[in-house]
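These notes concern the structure reproduced below.
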Amino acid sequence: MTFQRARTEEQREIRRRAILDVASAMLDEMPVAAVTLNELSRRVGLAKPNVLRYFESREAVLLELLDHFLREWLTELAGELAAGVDANLPMAERATAVAEILSRSLAGRAVLCELFGAQGGVLEHNVSVEVVTRYKRASLDRLATMTGLLRECLPELGENATLFSLQTMVLAGALSVYSTPPPSLQAAYQAEPDLARLHLNLGDSLNLALTATLLGVLPRR
């Protein structure tokens, strides 16, 4: 892409959207750690200082993408939960269904899970107070949305629905790190298949963790 200087707010928004779209495409090709501002600038067709006019850092770009992917996921999750959880089932069966839907849905969004995993240790660094505050405010809105969806399926969760929602995102990020081994580790698994027992399948691991967590926090009757 090659741009002329943006002179209107509409043109600036087009530039911002183009930068985000290119960064999103890069995440389909490479891990978060490999996405650099230099390569992003080259692919967008802007000099690096010009990219910094729209986003103050690589991390600011990725935080905005994380929020975008999270909003998309929650929109789809609403339909998945509505279709997959029978309100007439006993509490434990509804909890099992919710955990299965959450784990399957998240496992199908590898980039979102990887961004969850990078959020605390990477993405929330090298950003200004203004940027991280804006992101955290948006995160509270997303958390409230997810909490509402879970309470519709499992009203018995009560106040624990918020904590469980947050833990789901944290678990998805943490388990994602171990479910996508780097090339050197993949080679080691191939050379010594016994080592592959240490590899975690994201969907299966999430399902086990979320089921155990849900059944643990629900009231016992």
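Just remember, in the structure tokens the first chain shown is A, the second B, etc., residues are 1-based per chain, and ligands are 1-based in the order shown.
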Can you list, as a PyMOL selection string, every protein, DNA or RNA residue that comes within 6 Å of range 199-213 of chain A when you count only C-alpha atoms, leaving out same-chain residues fewer than 5 positions away? chain A and resi 96+99-100+103-104+107+179
Query raised in the report: Would you give me, as a VMD selection string, the residues in range 106-171 of chain A that DSSP reads as helix (DSSP H, G or I)?
Result: chain A and resid 106 to 107 110 to 123 129 to 153 155 to 157 160 to 171
Of A:Ala25, A:Arg53, A:Leu175, A:Leu157, the one nearest to Ala92 in chain A when counting only C-alpha atoms is A:Leu157
| Non-local contacts of range 130-134 of chain A (12 Å; only C-alpha atoms; under 2 positions in same chain excluded) as a ChimeraX atom specification | /A:54-57,59-64,67,119-120,123-128,136-141
Write out as a CSV table (one decimal) with N, CA, C and O atoms, in the first residue's frame the residues lying within 12 Å of range 190-195 of chain A, counting only C-alpha atoms and excluding same-chain residues fewer than 6 positions away.
chain,number,residue,atom,x,y,z
A,181,PRO,N,4.0,-25.4,20.3
A,181,PRO,CA,5.4,-25.5,20.5
A,181,PRO,C,6.2,-24.9,19.3
A,181,PRO,O,5.8,-25.0,18.2
A,183,PRO,N,9.4,-24.5,16.5
A,183,PRO,CA,9.9,-25.5,15.7
A,183,PRO,C,10.9,-26.5,16.3
A,183,PRO,O,10.9,-27.7,16.1
A,184,SER,N,11.8,-25.9,17.2
A,184,SER,CA,12.8,-26.8,17.8
A,184,SER,C,12.1,-27.8,18.7
A,184,SER,O,12.6,-29.0,18.7
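With only C-alpha atoms as the atoms that count, the minimum distance from Leu218 in chain A to the choices A:Ala161, A:Ala82, A:Val122, A:Val51 is reached by A:Ala161.
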Each residue of range 5-54 of chain A lying at most 12 Å from range 68-74 of chain A should get a row with its shortest atom-to-atom pair and the distance in Å to one decimal, counting only C-alpha atoms; could you produce that, ordered by chain and increasing number, as JSON lines?
{"residue": "A:Arg17", "atom": "CA", "partner": "A:His68", "partner_atom": "CA", "distance": 11.4}
{"residue": "A:Leu20", "atom": "CA", "partner": "A:His68", "partner_atom": "CA", "distance": 9.7}
{"residue": "A:Asp21", "atom": "CA", "partner": "A:His68", "partner_atom": "CA", "distance": 10.9}
{"residue": "A:Ser24", "atom": "CA", "partner": "A:Phe69", "partner_atom": "CA", "distance": 9.6}
{"residue": "A:Leu27", "atom": "CA", "partner": "A:Phe69", "partner_atom": "CA", "distance": 11.8}
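CA of Pro155 in chain A is positioned 18.6 Å from CA of Arg142 in chain A.
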Practice item. Compile the contact shell of Val111 in chain A as number ranges by chain: residues with an atom at most 9 Å away, counting only C-alpha atoms, same-chain residues fewer than 4 positions apart removed. Key: A: 27-28, 31-32, 66, 69, 115-116
